[in-house]
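Chemist: Next up, target.pdb (PDB, C-alpha atoms).
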```
ATOM      1  CA  MET H  32      71.890 141.598  60.834  1.00  0.00           C
ATOM      2  CA  TYR H  33      70.732 141.735  64.366  1.00  0.00           C
ATOM      3  CA  LEU H  34      72.500 139.515  66.975  1.00  0.00           C
ATOM      4  CA  HIS H  35      70.809 138.635  70.160  1.00  0.00           C
ATOM      5  CA  PRO H  36      72.920 139.814  73.157  1.00  0.00           C
ATOM      6  CA  ASN H  37      73.098 136.266  74.598  1.00  0.00           C
ATOM      7  CA  ALA H  38      74.098 134.642  71.316  1.00  0.00           C
ATOM      8  CA  ILE H  39      77.609 133.216  70.959  1.00  0.00           C
ATOM      9  CA  SER H  40      79.517 133.890  67.805  1.00  0.00           C
ATOM     10  CA  ASN H  41      80.806 130.898  65.811  1.00  0.00           C
ATOM     11  CA  ASN H  42      84.477 131.379  66.630  1.00  0.00           C
ATOM     12  CA  GLN H  43      83.913 131.185  70.437  1.00  0.00           C
ATOM     13  CA  ALA H  44      81.708 128.064  70.686  1.00  0.00           C
ATOM     14  CA  GLY H  45      83.130 124.699  71.946  1.00  0.00           C
ATOM     15  CA  PHE H  46      86.713 123.516  72.239  1.00  0.00           C
ATOM     16  CA  THR H  47      89.421 123.889  69.679  1.00  0.00           C
ATOM     17  CA  LEU H  48      91.252 120.879  68.326  1.00  0.00           C
ATOM     18  CA  ILE H  49      94.404 121.882  70.227  1.00  0.00           C
ATOM     19  CA  GLU H  50      92.524 122.043  73.540  1.00  0.00           C
ATOM     20  CA  PHE H  51      91.010 118.630  72.885  1.00  0.00           C
ATOM     21  CA  CYS H  52      94.413 117.083  72.041  1.00  0.00           C
ATOM     22  CA  VAL H  53      95.989 118.551  75.190  1.00  0.00           C
ATOM     23  CA  ALA H  54      93.149 117.134  77.312  1.00  0.00           C
ATOM     24  CA  VAL H  55      93.571 113.684  75.710  1.00  0.00           C
ATOM     25  CA  VAL H  56      97.341 113.727  76.316  1.00  0.00           C
ATOM     26  CA  ILE H  57      96.837 114.673  79.978  1.00  0.00           C
ATOM     27  CA  MET H  58      94.310 111.854  80.412  1.00  0.00           C
ATOM     28  CA  MET H  59      96.644 109.365  78.694  1.00  0.00           C
ATOM     29  CA  VAL H  60      99.534 110.254  81.000  1.00  0.00           C
ATOM     30  CA  GLY H  61      97.286 109.780  84.035  1.00  0.00           C
ATOM     31  CA  LEU H  62      95.947 106.445  82.797  1.00  0.00           C
ATOM     32  CA  LEU H  63      99.443 105.176  81.973  1.00  0.00           C
ATOM     33  CA  GLY H  64     100.507 106.080  85.512  1.00  0.00           C
ATOM     34  CA  LEU H  65      97.580 104.098  86.920  1.00  0.00           C
ATOM     35  CA  LEU H  66      98.416 101.152  84.669  1.00  0.00           C
ATOM     36  CA  GLN H  67     102.026 101.173  85.883  1.00  0.00           C
ATOM     37  CA  ALA H  68     100.832 101.243  89.506  1.00  0.00           C
ATOM     38  CA  VAL H  69      98.613  98.201  88.866  1.00  0.00           C
ATOM     39  CA  ASN H  70     101.521  96.410  87.167  1.00  0.00           C
ATOM     40  CA  MET H  71     103.866  97.088  90.100  1.00  0.00           C
ATOM     41  CA  ALA H  72     101.249  95.874  92.582  1.00  0.00           C
ATOM     42  CA  THR H  73     100.755  92.667  90.596  1.00  0.00           C
ATOM     43  CA  VAL H  74     104.505  91.966  90.440  1.00  0.00           C
ATOM     44  CA  HIS H  75     104.907  92.595  94.172  1.00  0.00           C
ATOM     45  CA  ASN H  76     101.887  90.423  94.969  1.00  0.00           C
ATOM     46  CA  MET H  77     103.190  87.565  92.809  1.00  0.00           C
ATOM     47  CA  GLY H  78     106.508  87.663  94.659  1.00  0.00           C
ATOM     48  CA  THR H  79     104.601  87.321  97.921  1.00  0.00           C
ATOM     49  CA  VAL H  80     102.543  84.422  96.551  1.00  0.00           C
ATOM     50  CA  LEU H  81     105.729  82.592  95.494  1.00  0.00           C
ATOM     51  CA  ARG H  82     107.379  83.186  98.877  1.00  0.00           C
ATOM     52  CA  ASN H  83     104.300  81.931 100.754  1.00  0.00           C
ATOM     53  CA  GLU H  84     104.204  78.832  98.554  1.00  0.00           C
ATOM     54  CA  ALA H  85     107.897  78.189  99.267  1.00  0.00           C
ATOM     55  CA  MET H  86     107.277  78.483 103.011  1.00  0.00           C
ATOM     56  CA  SER H  87     104.361  76.066 102.731  1.00  0.00           C
ATOM     57  CA  LEU H  88     106.469  73.639 100.694  1.00  0.00           C
ATOM     58  CA  SER H  89     109.350  73.717 103.187  1.00  0.00           C
ATOM     59  CA  ASP H  90     106.933  73.125 106.053  1.00  0.00           C
ATOM     60  CA  GLU H  91     105.376  70.154 104.211  1.00  0.00           C
ATOM     61  CA  GLN H  92     108.812  68.645 103.612  1.00  0.00           C
ATOM     62  CA  MET H  93     109.753  69.069 107.261  1.00  0.00           C
ATOM     63  CA  VAL H  94     106.520  67.395 108.396  1.00  0.00           C
ATOM     64  CA  LEU H  95     107.164  64.488 105.997  1.00  0.00           C
ATOM     65  CA  ILE H  96     110.634  63.991 107.438  1.00  0.00           C
ATOM     66  CA  LYS H  97     109.420  64.165 111.028  1.00  0.00           C
ATOM     67  CA  THR H  98     106.528  61.750 110.457  1.00  0.00           C
ATOM     68  CA  SER H  99     108.766  59.257 108.631  1.00  0.00           C
ATOM     69  CA  ILE H 100     110.819  58.643 111.792  1.00  0.00           C
ATOM     70  CA  ILE H 101     108.967  55.848 113.585  1.00  0.00           C
ATOM     71  CA  ASP H 102     111.829  53.714 114.886  1.00  0.00           C
ATOM     72  CA  SER H 103     115.618  53.630 115.130  1.00  0.00           C
ATOM     73  CA  THR H 104     115.932  52.083 111.644  1.00  0.00           C
ATOM     74  CA  SER H 105     114.061  54.930 109.971  1.00  0.00           C
ATOM     75  CA  PHE H 106     116.114  57.382 112.054  1.00  0.00           C
ATOM     76  CA  SER H 107     119.405  55.884 110.879  1.00  0.00           C
ATOM     77  CA  ASN H 108     118.184  55.807 107.245  1.00  0.00           C
ATOM     78  CA  LEU H 109     117.621  59.583 107.113  1.00  0.00           C
ATOM     79  CA  ALA H 110     119.702  60.900 104.233  1.00  0.00           C
ATOM     80  CA  SER H 111     120.179  64.152 102.361  1.00  0.00           C
ATOM     81  CA  SER H 112     118.314  64.515  99.082  1.00  0.00           C
ATOM     82  CA  SER H 113     117.041  67.072  96.600  1.00  0.00           C
ATOM     83  CA  ASP H 114     114.016  67.349  94.317  1.00  0.00           C
ATOM     84  CA  TYR H 115     112.313  69.673  91.897  1.00  0.00           C
ATOM     85  CA  VAL H 116     108.703  70.467  92.706  1.00  0.00           C
ATOM     86  CA  SER H 117     106.176  72.248  90.507  1.00  0.00           C
ATOM     87  CA  ARG H 118     103.269  74.062  92.132  1.00  0.00           C
ATOM     88  CA  LYS H 119     100.228  75.652  90.514  1.00  0.00           C
ATOM     89  CA  ASN H 120      99.476  79.269  91.334  1.00  0.00           C
ATOM     90  CA  ARG H 121      97.497  82.017  89.622  1.00  0.00           C
ATOM     91  CA  GLY H 122      96.819  80.095  86.456  1.00  0.00           C
ATOM     92  CA  GLY H 123     100.436  79.018  85.976  1.00  0.00           C
ATOM     93  CA  PHE H 124     103.101  76.794  87.438  1.00  0.00           C
ATOM     94  CA  SER H 125     106.136  77.689  89.518  1.00  0.00           C
ATOM     95  CA  ASN H 126     109.165  75.447  89.892  1.00  0.00           C
ATOM     96  CA  TYR H 127     110.936  75.036  93.209  1.00  0.00           C
ATOM     97  CA  SER H 128     114.169  73.271  94.087  1.00  0.00           C
ATOM     98  CA  VAL H 129     113.952  71.480  97.445  1.00  0.00           C
ATOM     99  CA  ALA H 130     117.165  70.352  99.175  1.00  0.00           C
ATOM    100  CA  ARG H 131     117.067  68.342 102.393  1.00  0.00           C
ATOM    101  CA  THR H 132     120.354  68.218 104.286  1.00  0.00           C
ATOM    102  CA  ILE H 133     120.734  65.800 107.189  1.00  0.00           C
ATOM    103  CA  SER H 134     123.713  66.162 109.518  1.00  0.00           C
ATOM    104  CA  SER H 135     124.503  64.431 112.769  1.00  0.00           C
ATOM    105  CA  ALA H 136     124.268  66.716 115.794  1.00  0.00           C
ATOM    106  CA  SER H 137     124.994  63.989 118.356  1.00  0.00           C
ATOM    107  CA  THR H 138     124.637  60.205 118.655  1.00  0.00           C
ATOM    108  CA  ASN H 139     120.846  60.304 119.016  1.00  0.00           C
ATOM    109  CA  THR H 140     120.117  63.647 117.335  1.00  0.00           C
ATOM    110  CA  LYS H 141     120.218  64.805 113.726  1.00  0.00           C
ATOM    111  CA  GLU H 142     119.871  68.294 112.324  1.00  0.00           C
ATOM    112  CA  VAL H 143     117.490  68.579 109.377  1.00  0.00           C
ATOM    113  CA  LEU H 144     117.766  71.566 107.039  1.00  0.00           C
ATOM    114  CA  VAL H 145     115.171  72.073 104.307  1.00  0.00           C
ATOM    115  CA  ARG H 146     116.077  74.731 101.732  1.00  0.00           C
ATOM    116  CA  VAL H 147     113.622  75.779  99.023  1.00  0.00           C
ATOM    117  CA  SER H 148     114.894  77.855  96.081  1.00  0.00           C
ATOM    118  CA  TRP H 149     113.000  79.502  93.239  1.00  0.00           C
ATOM    119  CA  ARG H 150     113.521  82.114  90.539  1.00  0.00           C
ATOM    120  CA  TYR H 151     111.348  85.117  89.783  1.00  0.00           C
ATOM    121  CA  LYS H 152     112.071  87.952  87.372  1.00  0.00           C
ATOM    122  CA  GLY H 153     115.669  86.781  86.927  1.00  0.00           C
ATOM    123  CA  ASN H 154     116.427  86.758  90.662  1.00  0.00           C
ATOM    124  CA  LYS H 155     117.023  83.691  92.813  1.00  0.00           C
ATOM    125  CA  PHE H 156     115.275  83.451  96.177  1.00  0.00           C
ATOM    126  CA  ASN H 157     115.761  81.000  99.060  1.00  0.00           C
ATOM    127  CA  HIS H 158     113.829  79.951 102.124  1.00  0.00           C
ATOM    128  CA  ALA H 159     115.336  77.613 104.709  1.00  0.00           C
ATOM    129  CA  ILE H 160     114.069  76.010 107.900  1.00  0.00           C
ATOM    130  CA  THR H 161     115.916  73.753 110.282  1.00  0.00           C
ATOM    131  CA  THR H 162     115.038  71.462 113.166  1.00  0.00           C
ATOM    132  CA  LEU H 163     116.514  68.768 115.354  1.00  0.00           C
ATOM    133  CA  VAL H 164     115.102  65.230 115.380  1.00  0.00           C
ATOM    134  CA  THR H 165     115.920  62.586 117.936  1.00  0.00           C
ATOM    135  CA  ASN H 166     116.018  58.823 117.740  1.00  0.00           C
ATOM    136  CA  PRO H 167     112.659  57.566 119.072  1.00  0.00           C
ATOM    137  CA  ALA H 168     114.251  54.379 120.420  1.00  0.00           C
ATOM    138  CA  PRO H 169     117.868  55.052 121.466  1.00  0.00           C
TER     139      PRO H 169
END
```
Please re-express this file's structure in structure tokens.
Modeler:
Amino acid sequence: MYLHPNAISNNQAGFTLIEFCVAVVIMMVGLLGLLQAVNMATVHNMGTVLRNEAMSLSDEQMVLIKTSIIDSTSFSNLASSSDYVSRKNRGGFSNYSVARTISSASTNTKEVLVRVSWRYKGNKFNHAITTLVTNPAP
């Protein structure tokens, strides 16, 4: 039987099953690494979304308190309180605990502290802002 010089014999053509399995395993390890990187980025991004929402919520609460003071009666009626607020984000809902603490700084001035707390991945996070409000009609 005459073989052409450029012909490839049967035992040297293509990949073996072992070579194919090794290539698949290498590709799987790489793809799993990429999937883990995407998962970590999503978790980090969600934490940022929750923190930004908490900052927005604390700012809204502070604006509500400041705009509710229109006279000396409303100033003297300022009192500490707490609520639970649910906010929609990324197709789900997040629960926040909002605590407003009012303390007297002087006769015509009160200190307002708004603290927002939330939980994510088993950890508790807090954001607090504070301001001073004065009696509009002393």
Chemist: Once the PyMOL selection byres ((chain H and resi 143) around 10) is applied to the coordinates I shared, what remains selected? I want it as a VMD selection string.
Modeler: chain H and resid 93 96 to 97 109 to 111 131 to 136 140 to 142 144 to 146 160 to 164
Chemist: With C-alpha atoms retained, export the selected residues as a PDB file, in the frame of the given file.
Modeler:
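After the write, result24.pdb holds the following:
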```
ATOM      1  CA  MET H  93     109.753  69.069 107.261  1.00  0.00           C
ATOM      2  CA  ILE H  96     110.634  63.991 107.438  1.00  0.00           C
ATOM      3  CA  LYS H  97     109.420  64.165 111.028  1.00  0.00           C
ATOM      4  CA  LEU H 109     117.621  59.583 107.113  1.00  0.00           C
ATOM      5  CA  ALA H 110     119.702  60.900 104.233  1.00  0.00           C
ATOM      6  CA  SER H 111     120.179  64.152 102.361  1.00  0.00           C
ATOM      7  CA  ARG H 131     117.067  68.342 102.393  1.00  0.00           C
ATOM      8  CA  THR H 132     120.354  68.218 104.286  1.00  0.00           C
ATOM      9  CA  ILE H 133     120.734  65.800 107.189  1.00  0.00           C
ATOM     10  CA  SER H 134     123.713  66.162 109.518  1.00  0.00           C
ATOM     11  CA  SER H 135     124.503  64.431 112.769  1.00  0.00           C
ATOM     12  CA  ALA H 136     124.268  66.716 115.794  1.00  0.00           C
ATOM     13  CA  THR H 140     120.117  63.647 117.335  1.00  0.00           C
ATOM     14  CA  LYS H 141     120.218  64.805 113.726  1.00  0.00           C
ATOM     15  CA  GLU H 142     119.871  68.294 112.324  1.00  0.00           C
ATOM     16  CA  LEU H 144     117.766  71.566 107.039  1.00  0.00           C
ATOM     17  CA  VAL H 145     115.171  72.073 104.307  1.00  0.00           C
ATOM     18  CA  ARG H 146     116.077  74.731 101.732  1.00  0.00           C
ATOM     19  CA  ILE H 160     114.069  76.010 107.900  1.00  0.00           C
ATOM     20  CA  THR H 161     115.916  73.753 110.282  1.00  0.00           C
ATOM     21  CA  THR H 162     115.038  71.462 113.166  1.00  0.00           C
ATOM     22  CA  LEU H 163     116.514  68.768 115.354  1.00  0.00           C
ATOM     23  CA  VAL H 164     115.102  65.230 115.380  1.00  0.00           C
TER      24      VAL H 164
END
```
Chemist: Find the spatial neighbours of region 80-87 of chain H, counting all atoms listed in the file, within a cut-off of 10 Å - ignore same-chain residues fewer than 4 positions away - and output them as a VMD selection string.
Modeler: chain H and resid 74 to 76 91 to 93 118 to 121 125 to 129 146 to 151 156 to 160
Chemist: Would you list the contacts of Ser107 (chain H) as a PyMOL selection string, taking every protein, DNA or RNA residue within 10 Å and counting only C-alpha atoms, but skipping same-chain residues closer than 4 positions in sequence?
Modeler: chain H and resi 100+102-103+139+141+166
Chemist: Find the smallest box with edges along x, y and z containing every listed atom of region 150-166 of chain H, then add 6 Å on each side and report centre and edge lengths in Å to one decimal, as JSON.
Modeler:
```
{"center_x": 114.2, "center_y": 73.4, "center_z": 102.4, "size_x": 17.7, "size_y": 41.1, "size_z": 43.0}
```
Chemist: Can you work out the spacing between CA of Ser113 (chain H) and CA of Leu95 (chain H) in Å, to one decimal?
Modeler: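 Between CA of Ser113 (chain H) and CA of Leu95 (chain H) the gap works out to 13.9 Å.
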Chemist: Hey, can you check how far CA of Phe106 (chain H) sits from CA of Ala168 (chain H)?
Modeler: 9.1 Å
Chemist: Can you measure CA of Pro167 (chain H) to CA of Ser112 (chain H) for me? One decimal in Å is fine.
Modeler: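 Answer for the CA of Pro167 (chain H) to CA of Ser112 (chain H) separation: 21.9 Å.
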Chemist: Tell me which of H:Lys152, H:Ser89, H:Leu62, H:Cys52 sits closest to Ala130 (chain H), counting all atoms listed in the file.
Modeler: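 That would be H:Ser89, the residue with the smallest distance to Ala130 (chain H).
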Chemist: Given the choices H:Leu63, H:Leu88, H:Val55, H:Phe46, which gets closest to Val116 (chain H) if the distance is worked out from all atoms listed in the file?
Modeler: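 Once distances to Val116 (chain H) are computed over all atoms listed in the file, the minimum belongs to H:Leu88.
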Chemist: Give me region 61-81 of chain H from this structure - N, CA and C atoms, as a PDB file, in the first residue's frame.
Modeler:
```
ATOM      1  N   GLY H  61     -11.620  28.624  34.423  1.00  0.00           N
ATOM      2  CA  GLY H  61     -11.632  30.035  34.031  1.00  0.00           C
ATOM      3  C   GLY H  61     -13.014  30.648  34.102  1.00  0.00           C
ATOM      4  N   LEU H  62     -14.022  29.930  33.628  1.00  0.00           N
ATOM      5  CA  LEU H  62     -15.392  30.446  33.659  1.00  0.00           C
ATOM      6  C   LEU H  62     -15.926  30.547  35.085  1.00  0.00           C
ATOM      7  N   LEU H  63     -15.576  29.605  35.943  1.00  0.00           N
ATOM      8  CA  LEU H  63     -15.991  29.701  37.346  1.00  0.00           C
ATOM      9  C   LEU H  63     -15.342  30.900  38.031  1.00  0.00           C
ATOM     10  N   GLY H  64     -14.099  31.197  37.678  1.00  0.00           N
ATOM     11  CA  GLY H  64     -13.437  32.385  38.211  1.00  0.00           C
ATOM     12  C   GLY H  64     -14.143  33.655  37.770  1.00  0.00           C
ATOM     13  N   LEU H  65     -14.537  33.719  36.502  1.00  0.00           N
ATOM     14  CA  LEU H  65     -15.283  34.879  36.008  1.00  0.00           C
ATOM     15  C   LEU H  65     -16.635  34.997  36.697  1.00  0.00           C
ATOM     16  N   LEU H  66     -17.309  33.886  36.904  1.00  0.00           N
ATOM     17  CA  LEU H  66     -18.603  33.900  37.580  1.00  0.00           C
ATOM     18  C   LEU H  66     -18.462  34.399  39.018  1.00  0.00           C
ATOM     19  N   GLN H  67     -17.419  33.996  39.700  1.00  0.00           N
ATOM     20  CA  GLN H  67     -17.183  34.464  41.069  1.00  0.00           C
ATOM     21  C   GLN H  67     -16.896  35.960  41.083  1.00  0.00           C
ATOM     22  N   ALA H  68     -16.160  36.451  40.089  1.00  0.00           N
ATOM     23  CA  ALA H  68     -15.874  37.888  40.008  1.00  0.00           C
ATOM     24  C   ALA H  68     -17.161  38.682  39.795  1.00  0.00           C
ATOM     25  N   VAL H  69     -18.052  38.183  38.947  1.00  0.00           N
ATOM     26  CA  VAL H  69     -19.341  38.850  38.726  1.00  0.00           C
ATOM     27  C   VAL H  69     -20.169  38.831  40.004  1.00  0.00           C
ATOM     28  N   ASN H  70     -20.163  37.716  40.721  1.00  0.00           N
ATOM     29  CA  ASN H  70     -20.910  37.608  41.973  1.00  0.00           C
ATOM     30  C   ASN H  70     -20.383  38.599  43.013  1.00  0.00           C
ATOM     31  N   MET H  71     -19.077  38.708  43.147  1.00  0.00           N
ATOM     32  CA  MET H  71     -18.498  39.648  44.113  1.00  0.00           C
ATOM     33  C   MET H  71     -18.830  41.089  43.741  1.00  0.00           C
ATOM     34  N   ALA H  72     -18.806  41.403  42.455  1.00  0.00           N
ATOM     35  CA  ALA H  72     -19.142  42.760  42.020  1.00  0.00           C
ATOM     36  C   ALA H  72     -20.597  43.079  42.317  1.00  0.00           C
ATOM     37  N   THR H  73     -21.481  42.115  42.124  1.00  0.00           N
ATOM     38  CA  THR H  73     -22.903  42.320  42.399  1.00  0.00           C
ATOM     39  C   THR H  73     -23.145  42.541  43.891  1.00  0.00           C
ATOM     40  N   VAL H  74     -22.505  41.759  44.735  1.00  0.00           N
ATOM     41  CA  VAL H  74     -22.660  41.914  46.188  1.00  0.00           C
ATOM     42  C   VAL H  74     -22.145  43.278  46.632  1.00  0.00           C
ATOM     43  N   HIS H  75     -20.989  43.672  46.131  1.00  0.00           N
ATOM     44  CA  HIS H  75     -20.427  44.980  46.501  1.00  0.00           C
ATOM     45  C   HIS H  75     -21.330  46.114  46.017  1.00  0.00           C
ATOM     46  N   ASN H  76     -21.846  45.980  44.802  1.00  0.00           N
ATOM     47  CA  ASN H  76     -22.720  47.010  44.245  1.00  0.00           C
ATOM     48  C   ASN H  76     -24.025  47.105  45.032  1.00  0.00           C
ATOM     49  N   MET H  77     -24.569  45.985  45.466  1.00  0.00           N
ATOM     50  CA  MET H  77     -25.810  46.011  46.243  1.00  0.00           C
ATOM     51  C   MET H  77     -25.589  46.696  47.585  1.00  0.00           C
ATOM     52  N   GLY H  78     -24.445  46.465  48.205  1.00  0.00           N
ATOM     53  CA  GLY H  78     -24.124  47.162  49.449  1.00  0.00           C
ATOM     54  C   GLY H  78     -24.081  48.671  49.253  1.00  0.00           C
ATOM     55  N   THR H  79     -23.551  49.100  48.125  1.00  0.00           N
ATOM     56  CA  THR H  79     -23.503  50.528  47.811  1.00  0.00           C
ATOM     57  C   THR H  79     -24.898  51.078  47.566  1.00  0.00           C
ATOM     58  N   VAL H  80     -25.733  50.319  46.872  1.00  0.00           N
ATOM     59  CA  VAL H  80     -27.115  50.750  46.622  1.00  0.00           C
ATOM     60  C   VAL H  80     -27.859  50.921  47.944  1.00  0.00           C
ATOM     61  N   LEU H  81     -27.706  49.978  48.862  1.00  0.00           N
ATOM     62  CA  LEU H  81     -28.378  50.063  50.164  1.00  0.00           C
ATOM     63  C   LEU H  81     -27.873  51.254  50.974  1.00  0.00           C
TER      64      LEU H  81
END
```
